[in-house]
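Just target-v8.cif here, mmCIF, C-alpha atoms and all ligand atoms:
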```
data_model
loop_
_atom_site.label_atom_id
_atom_site.label_comp_id
_atom_site.auth_asym_id
_atom_site.auth_seq_id
_atom_site.Cartn_x
_atom_site.Cartn_y
_atom_site.Cartn_z
CA MET A 1 -6.40 5.57 22.03
CA ILE A 2 -7.32 6.07 18.41
CA ASP A 3 -10.87 5.29 17.34
CA ILE A 4 -11.71 4.00 13.90
CA ASP A 5 -15.31 4.07 12.74
CA ARG A 6 -15.93 0.48 11.64
CA ARG A 7 -18.31 1.39 8.83
CA ASP A 8 -15.99 4.08 7.46
CA PHE A 9 -13.05 1.69 7.58
CA ILE A 10 -14.94 -1.10 5.80
CA ALA A 11 -16.21 1.36 3.18
CA SER A 12 -12.63 2.57 2.59
CA LEU A 13 -11.65 -1.02 1.75
CA GLY A 14 -14.40 -1.43 -0.84
CA GLY A 15 -17.32 -2.55 1.33
CA ALA A 16 -18.20 -5.62 3.39
CA ALA A 17 -18.08 -8.00 0.42
CA ALA A 18 -14.52 -6.90 -0.42
CA VAL A 19 -13.43 -7.20 3.19
CA GLY A 20 -14.99 -10.68 3.36
CA LEU A 21 -12.73 -11.82 0.52
CA MET A 22 -9.56 -10.40 2.07
CA SER A 23 -7.24 -12.75 3.88
CA HIS A 24 -6.79 -12.42 7.62
CA GLU A 25 -3.29 -11.01 7.01
CA ALA A 26 -4.54 -8.47 4.49
CA ARG A 27 -7.22 -7.20 6.86
CA ALA A 28 -4.67 -6.92 9.66
CA ASP A 29 -2.31 -5.03 7.35
CA GLU A 30 -5.01 -2.59 6.29
CA LEU A 31 -6.09 -1.98 9.87
CA GLU A 32 -2.52 -1.41 10.92
CA GLU A 33 -1.95 1.05 8.07
CA GLU A 34 -5.08 2.94 9.03
CA LEU A 35 -4.18 3.06 12.73
CA ASN A 36 -0.71 4.32 11.91
CA ARG A 37 -2.10 6.91 9.52
CA ARG A 38 -4.48 8.22 12.18
CA LEU A 39 -1.70 8.22 14.74
CA GLN A 40 0.44 10.33 12.47
CA LEU A 41 -2.41 12.74 11.76
CA ALA A 42 -3.13 13.03 15.50
CA GLN A 43 0.51 13.81 16.19
CA ALA A 44 0.88 16.30 13.36
CA PRO A 45 -2.34 18.35 13.21
CA ALA A 46 -0.73 21.25 11.35
CA GLN A 47 0.46 18.95 8.58
CA ALA A 48 -2.86 17.12 8.55
CA ALA A 49 -4.74 20.32 7.88
CA GLU A 50 -2.89 20.71 4.61
CA SER A 51 -2.89 17.01 3.83
CA SER A 52 -4.68 15.32 0.93
CA GLY A 53 -5.54 12.44 3.26
CA PHE A 54 -2.45 10.48 2.30
CA PRO A 55 0.57 10.45 4.60
CA THR A 56 3.85 12.00 3.55
CA ALA A 57 6.94 9.86 3.08
CA ALA A 58 8.34 11.41 6.28
CA GLU A 59 5.22 10.36 8.19
CA ILE A 60 5.58 6.81 6.88
CA ASP A 61 9.23 6.84 7.93
CA ALA A 62 8.29 8.00 11.43
CA GLN A 63 6.08 4.90 11.85
CA ILE A 64 9.03 2.48 11.72
CA THR A 65 9.66 2.51 15.47
CA THR A 66 5.93 2.11 16.27
CA ARG A 67 6.00 -1.57 15.21
CA SER A 68 7.45 -4.74 16.70
CA TYR A 69 8.40 -5.96 13.22
CA ARG A 70 9.71 -4.56 9.94
CA ARG A 71 7.33 -4.08 7.03
CA GLY A 72 9.45 -6.08 4.62
CA ALA A 73 9.15 -9.33 6.57
CA GLY A 74 7.42 -12.17 4.72
CA ARG A 75 3.79 -12.77 5.62
CA ASN A 76 4.39 -16.39 6.64
CA PHE A 77 6.84 -15.30 9.33
CA LEU A 78 4.67 -13.11 11.53
CA ASN A 79 1.18 -11.98 12.35
CA THR A 80 0.99 -8.22 12.10
CA ASP A 81 -1.99 -8.22 14.48
CA GLY A 82 0.12 -9.61 17.32
CA GLU A 83 -1.64 -13.01 17.46
CA ASN A 84 0.40 -16.21 17.59
CA VAL A 85 1.21 -17.87 14.28
CA ALA A 86 -0.67 -21.03 13.25
CA ARG A 87 0.88 -24.47 12.73
CA LEU A 88 1.43 -24.98 9.02
CA PRO A 89 0.21 -28.15 7.26
CA ALA A 90 2.87 -30.75 6.42
CA MET A 91 4.36 -30.67 2.92
CA PRO A 92 4.68 -33.74 0.64
CA ALA A 93 8.17 -35.22 0.30
CA ALA A 94 8.53 -33.99 -3.30
CA PRO A 95 6.37 -30.85 -3.39
CA THR A 96 5.11 -29.41 -6.66
CA PHE A 97 4.25 -25.81 -7.40
CA LEU A 98 0.59 -26.63 -6.85
CA ASP A 99 1.43 -28.09 -3.41
CA PHE A 100 3.18 -24.85 -2.48
CA PHE A 101 0.29 -22.84 -3.90
CA GLU A 102 -2.21 -24.70 -1.75
CA LEU A 103 -0.17 -25.15 1.44
CA ARG A 104 2.24 -22.21 1.69
CA PHE A 105 1.28 -19.30 -0.59
CA GLN A 106 -1.48 -18.23 1.71
CA SER A 107 -2.35 -14.85 0.19
CA SER A 108 -2.94 -16.28 -3.26
CA ASN A 109 -6.43 -14.82 -3.84
CA HIS A 110 -5.00 -11.55 -5.17
CA CYS A 111 -2.74 -13.40 -7.62
CA LEU A 112 -5.64 -15.58 -8.80
CA GLN A 113 -7.75 -12.49 -9.45
CA SER A 114 -4.86 -10.92 -11.33
CA ALA A 115 -4.34 -14.02 -13.48
CA ASN A 116 -8.08 -14.20 -14.15
CA LYS A 117 -8.07 -10.60 -15.31
CA ALA A 118 -5.11 -11.24 -17.59
CA MET A 119 -6.87 -14.27 -19.08
CA GLU A 120 -10.01 -12.20 -19.72
CA ARG A 121 -7.87 -9.58 -21.42
CA GLY A 122 -6.61 -12.28 -23.78
CA VAL A 123 -2.93 -12.01 -22.98
CA ASP A 124 -0.64 -14.92 -23.78
CA GLU A 125 -0.02 -17.77 -21.34
CA GLU A 126 3.50 -16.68 -20.32
CA ILE A 127 2.03 -13.46 -18.94
CA VAL A 128 -1.04 -15.12 -17.41
CA LEU A 129 1.49 -17.27 -15.54
CA ALA A 130 3.44 -14.14 -14.51
CA CYS A 131 0.24 -12.66 -13.08
CA LEU A 132 -0.46 -15.89 -11.20
CA LEU A 133 3.04 -15.79 -9.65
CA HIS A 134 3.71 -12.07 -9.39
CA ASP A 135 3.23 -11.47 -5.62
CA LEU A 136 3.47 -15.01 -4.24
CA VAL A 137 7.00 -14.51 -2.88
CA GLN A 138 5.60 -12.05 -0.33
CA VAL A 139 5.16 -15.02 2.03
CA LEU A 140 8.98 -15.02 2.17
CA MET A 141 9.92 -11.36 1.64
CA ARG A 142 7.93 -8.24 0.83
CA THR A 143 10.80 -5.79 0.33
CA ASP A 144 11.81 -5.74 -3.37
CA HIS A 145 9.33 -8.55 -3.98
CA GLY A 146 9.51 -8.34 -7.77
CA TYR A 147 13.20 -9.16 -7.70
CA TRP A 148 12.84 -11.90 -5.07
CA GLY A 149 9.89 -13.39 -6.93
CA ALA A 150 11.67 -13.45 -10.28
CA GLN A 151 14.66 -15.19 -8.69
CA LEU A 152 12.45 -17.78 -6.98
CA PHE A 153 10.71 -18.77 -10.21
CA GLU A 154 13.45 -18.12 -12.77
CA PRO A 155 14.78 -21.71 -13.10
CA TYR A 156 11.31 -23.08 -13.76
CA VAL A 157 9.43 -20.62 -15.99
CA PRO A 158 9.93 -18.97 -19.41
CA GLU A 159 12.42 -16.07 -19.40
CA ARG A 160 9.68 -13.59 -20.36
CA THR A 161 7.58 -14.74 -17.39
CA SER A 162 10.31 -14.08 -14.82
CA PHE A 163 11.11 -10.80 -16.59
CA ALA A 164 7.49 -9.72 -16.12
CA ILE A 165 7.51 -10.73 -12.44
CA LYS A 166 10.79 -8.92 -11.78
CA TYR A 167 9.87 -5.62 -13.35
CA HIS A 168 6.20 -5.31 -12.45
CA GLN A 169 7.50 -3.88 -9.17
CA ALA A 170 9.23 -0.95 -10.91
CA LEU A 171 6.44 -0.26 -13.38
CA ARG A 172 3.85 0.00 -10.59
CA PHE A 173 5.44 3.36 -9.70
CA TYR A 174 4.91 4.81 -13.20
CA THR A 175 1.64 5.73 -14.87
CA ASP A 176 1.07 4.55 -18.44
CA THR A 177 -2.30 5.96 -19.48
CA GLU A 178 -2.10 4.46 -22.95
CA ALA A 179 -1.71 0.99 -21.46
CA GLY A 180 -4.50 1.67 -18.95
CA TYR A 181 -2.35 1.96 -15.83
CA GLU A 182 -2.72 4.78 -13.29
CA TYR A 183 -0.52 5.27 -10.22
CA PRO A 184 -2.49 3.59 -7.39
CA ASP A 185 -3.77 5.32 -4.27
CA LEU A 186 -2.57 2.26 -2.37
CA TYR A 187 1.00 3.39 -3.06
CA ARG A 188 0.26 6.94 -1.87
CA ARG A 189 -0.97 5.32 1.33
CA ILE A 190 1.85 2.86 1.99
CA PHE A 191 4.84 4.83 0.62
CA GLY A 192 3.63 8.42 1.19
CA GLU A 193 2.17 10.82 -1.34
CA ASP A 194 5.53 12.51 -2.06
CA TYR A 195 7.53 9.27 -2.21
CA VAL A 196 10.31 9.15 -4.79
CA PRO A 197 11.15 5.63 -6.03
CA ALA A 198 14.58 4.25 -5.10
CA PRO A 199 17.45 4.70 -7.58
CA HIS A 200 17.36 1.06 -8.73
CA ILE A 201 13.65 1.41 -9.55
CA GLN A 202 14.28 4.62 -11.50
CA ALA A 203 17.15 2.98 -13.39
CA ASP A 204 15.10 -0.10 -14.22
CA TYR A 205 12.20 2.06 -15.43
CA ALA A 206 14.56 3.97 -17.75
CA MET A 207 15.86 0.65 -19.09
CA LEU A 208 12.35 -0.79 -19.53
CA ARG A 209 11.01 2.14 -21.56
CA ASP A 210 13.08 1.01 -24.55
CA HIS A 211 12.99 -2.71 -23.89
CA GLN A 212 11.37 -5.07 -26.39
CA TRP A 213 9.58 -6.79 -23.49
CA TYR A 214 8.22 -3.63 -21.82
CA ASP A 215 4.66 -4.88 -22.41
CA ALA A 216 5.23 -8.01 -20.31
CA PRO A 217 5.65 -6.39 -16.85
CA ARG A 218 3.30 -3.61 -17.91
CA GLU A 219 0.55 -6.15 -18.50
CA VAL A 220 1.11 -7.51 -14.98
CA THR A 221 0.61 -4.00 -13.56
CA VAL A 222 -2.55 -3.47 -15.62
CA SER A 223 -4.07 -6.76 -14.47
CA ASP A 224 -2.74 -6.13 -10.96
CA LEU A 225 -4.54 -2.80 -10.53
CA TYR A 226 -7.94 -4.27 -11.20
CA ALA A 227 -7.37 -7.44 -9.21
CA PHE A 228 -9.53 -6.51 -6.22
CA ASP A 229 -13.02 -7.28 -7.53
CA PRO A 230 -15.14 -8.08 -4.45
CA ASN A 231 -17.44 -10.33 -6.50
CA ALA A 232 -14.72 -12.42 -8.08
CA VAL A 233 -14.85 -16.15 -7.39
CA VAL A 234 -11.45 -17.57 -8.23
CA THR A 235 -9.73 -20.94 -8.01
CA ILE A 236 -6.50 -22.38 -9.35
CA ASP A 237 -8.47 -24.68 -11.71
CA PRO A 238 -8.37 -22.49 -14.88
CA PHE A 239 -4.59 -22.18 -14.52
CA VAL A 240 -3.57 -25.78 -13.82
CA ASP A 241 -2.97 -26.52 -17.52
CA ILE A 242 -0.97 -23.31 -17.99
CA VAL A 243 1.20 -24.26 -15.01
CA GLY A 244 1.58 -27.74 -16.51
CA ARG A 245 2.69 -26.35 -19.87
CA HIS A 246 5.07 -23.63 -18.64
CA PHE A 247 6.30 -24.49 -15.12
CA LYS A 248 9.17 -27.01 -15.28
CA GLN A 249 8.46 -29.03 -12.17
CA PRO A 250 11.66 -30.75 -10.89
CA LYS A 251 11.05 -34.46 -10.29
CA GLU A 252 12.80 -34.33 -6.86
CA GLY A 253 10.37 -31.65 -5.72
CA LEU A 254 10.88 -27.90 -5.30
CA GLY A 255 13.55 -27.37 -2.66
CA ASN A 256 15.19 -30.76 -3.34
CA ASP A 257 16.55 -30.21 -6.84
CA GLY A 258 19.93 -28.64 -5.99
CA SER A 259 19.11 -25.48 -7.96
CA THR A 260 20.49 -22.09 -6.96
CA VAL A 261 17.10 -21.21 -5.42
CA ALA A 262 16.31 -24.55 -3.71
CA HIS A 263 16.97 -22.99 -0.28
CA MET A 264 14.32 -20.34 -0.94
CA TRP A 265 11.71 -23.04 -1.52
CA ARG A 266 12.89 -24.94 1.58
CA THR A 267 12.57 -21.77 3.66
CA ILE A 268 9.01 -21.26 2.45
CA ALA A 269 8.25 -24.92 3.18
CA SER A 270 9.82 -24.84 6.68
CA PRO A 271 9.65 -21.32 8.13
CA ASP A 272 9.74 -22.71 11.68
CA ALA A 273 13.32 -24.00 11.30
CA PRO A 274 15.35 -21.95 13.81
CA LEU A 275 18.50 -21.79 11.67
FE FE B 1 3.50 -6.72 -6.73
FE FE B 2 -0.14 -7.51 -7.07
#
```
Can you turn what I pasted into structure tokens?
Amino acid sequence: MIDIDRRDFIASLGGAAAVGLMSHEARADELEEELNRRLQLAQAPAQAAESSGFPTAAEIDAQITTRSYRRGAGRNFLNTDGENVARLPAMPAAPTFLDFFELRFQSSNHCLQSANKAMERGVDEEIVLACLLHDLVQVLMRTDHGYWGAQLFEPYVPERTSFAIKYHQALRFYTDTEAGYEYPDLYRRIFGEDYVPAPHIQADYAMLRDHQWYDAPREVTVSDLYAFDPNAVVTIDPFVDIVGRHFKQPKEGLGNDGSTVAHMWRTIASPDAPL
């Protein structure tokens, strides 16, 4: 049995106020990460003695068979704490983005904080929208979420917005001090301190360095990093007009418009469908 000191754990997450603002899923994820980290340290005392406190990539890899699920699974499809899932509220017949935001994108607080930060920084509306959308697809799929997210929103938002969503994932692995972005400790914790990004991430980073729109995904990462303010009070209200101006809502409703991504919206709407 591994013991975790409750006060230490809460402090490591930014204090009680920060924990109070985290979603149930986020708290469960953090607890699971911490338990797995301690398990690894307990099993590898020699390595732990030399460790910086972050796991190695090999230690992260060794955790795969300690779970009953895979880490890439969308948050709406499982409870990582082992509890039963809740019944989801019914969706309207022709759901809008705001319906999905309210009824299905359950971990939206982080994205709201990110969009708020971007707005405070004075960035343009296409990028504020990218910040608002950047991690929402994690209800469906966490693995490669930038790419999944860009695909989900691409038919409905400006090209620069989906570009920013797609590539924020790659740029999060690369420090840009001039832009105000440092490699996050969170990534040392969840990927391992010696993790090397996958070849497609490396290739996309090389491409982005010379791209005219580099600043778009970079701005998402800058607003992303500071999007965990425990005192932030955020709602969708300041962004409703931006969504109205830049999100092309199909009149049939998302999932019913016959687009190439309609099935993705239907899957988010109806995750209990067995096939
Ligand atoms: Fe992200
Ligand atoms: Fe994020």
A:Arg87 environment, 12 Å, all atoms listed in the file, sequence neighbours closer than 5 positions dropped, as number ranges by chain: A: 76-77, 103-104, 270-272
Env of stretch 220-229 of chain A: 7 Å cut, atoms = all atoms listed in the file, seq-sep filter 6 positions within chain, self excluded. Answer as a PDB file with C-alpha atoms, in the coordinates of the input.
```pdb
ATOM      1  CA  HIS A 110      -5.000 -11.550  -5.170  1.00  0.00           C
ATOM      2  CA  GLN A 113      -7.750 -12.490  -9.450  1.00  0.00           C
ATOM      3  CA  SER A 114      -4.860 -10.920 -11.330  1.00  0.00           C
ATOM      4  CA  LYS A 117      -8.070 -10.600 -15.310  1.00  0.00           C
ATOM      5  CA  ALA A 118      -5.110 -11.240 -17.590  1.00  0.00           C
ATOM      6  CA  CYS A 131       0.240 -12.660 -13.080  1.00  0.00           C
ATOM      7  CA  ALA A 164       7.490  -9.720 -16.120  1.00  0.00           C
ATOM      8  CA  HIS A 168       6.200  -5.310 -12.450  1.00  0.00           C
ATOM      9  CA  LEU A 171       6.440  -0.260 -13.380  1.00  0.00           C
ATOM     10  CA  ARG A 172       3.850   0.000 -10.590  1.00  0.00           C
ATOM     11  CA  GLY A 180      -4.500   1.670 -18.950  1.00  0.00           C
ATOM     12  CA  TYR A 181      -2.350   1.960 -15.830  1.00  0.00           C
TER      13      TYR A 181
END
```
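Taking atom CA of A:Ile127 and atom CA of A:Asp215 as the two end points, the separation is 9.6 Å.
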Which of these residues is nearest to ligand FE 2 (chain B), using only C-alpha atoms and all ligand atoms: A:Met141, A:Val261, A:Leu254, A:Leu133?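 Comparing A:Met141, A:Val261, A:Leu254, A:Leu133 against ligand FE 2 (chain B), the winner is A:Leu133.
Reported to one decimal place, the separation of atom CA of A:Tyr187 from atom CA of A:Gln169 is 11.5 Å.
Distance annotation: of A:Asp99, A:Asp257, A:Glu126, A:Asp135, the residue with the minimal separation from ligand FE 2 (chain B) is A:Asp135; atom set is all atoms listed in the file.
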Quick one: pull the distance between atom CA of A:Arg67 and atom CA of A:Lys166, Å, one decimal. 28.4 Å
Contacts of A:Thr96 at 12 Å (all atoms listed in the file; same-chain gap of 3+ positions) as a list of chain:residue names: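 Once the nearby chain positions are removed, what remains is A:Met91, A:Pro92, A:Ala93, A:Asp99, A:Phe100, A:Phe101, A:Glu102, A:Leu103, A:Arg104, A:Tyr156, A:Val240, A:Val243, A:Gly244, A:Phe247, A:Lys248, A:Gln249, A:Pro250, A:Lys251, A:Glu252, A:Gly253, A:Leu254, A:Gly255, A:Asn256, A:Asp257, A:Trp265, A:Ala269.
Using all atoms listed in the file, the residues found no farther than 10 Å from A:Phe239, other than those of its own chain fewer than 2 positions away, are Leu112, Ala115, Asn116, Met119, Glu125, Val128, Leu129, Leu132, Thr235, Ile236, Asp237, Asp241, Ile242, Val243, Gly244 and Arg245 of chain A.
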Polymer residues at most 9 Å from A:Arg188, all atoms listed in the file, same-chain spacing of 6 or more positions, as a PyMOL selection string: chain A and resi 54-57+194-195
Smallest atom-to-atom distance to ligand FE 1 (chain B): which of A:Asp144, A:Glu59, A:Glu182, A:Asp210, using all atoms listed in the file?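 When distances to ligand FE 1 (chain B) are compared using all atoms listed in the file, the smallest one comes from A:Asp144.
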Given all atoms listed in the file as the basis, pick out the residue of A:Gly82, A:Gly146, A:Pro95, A:Gly122 nearest to ligand FE 2 (chain B). A:Gly146
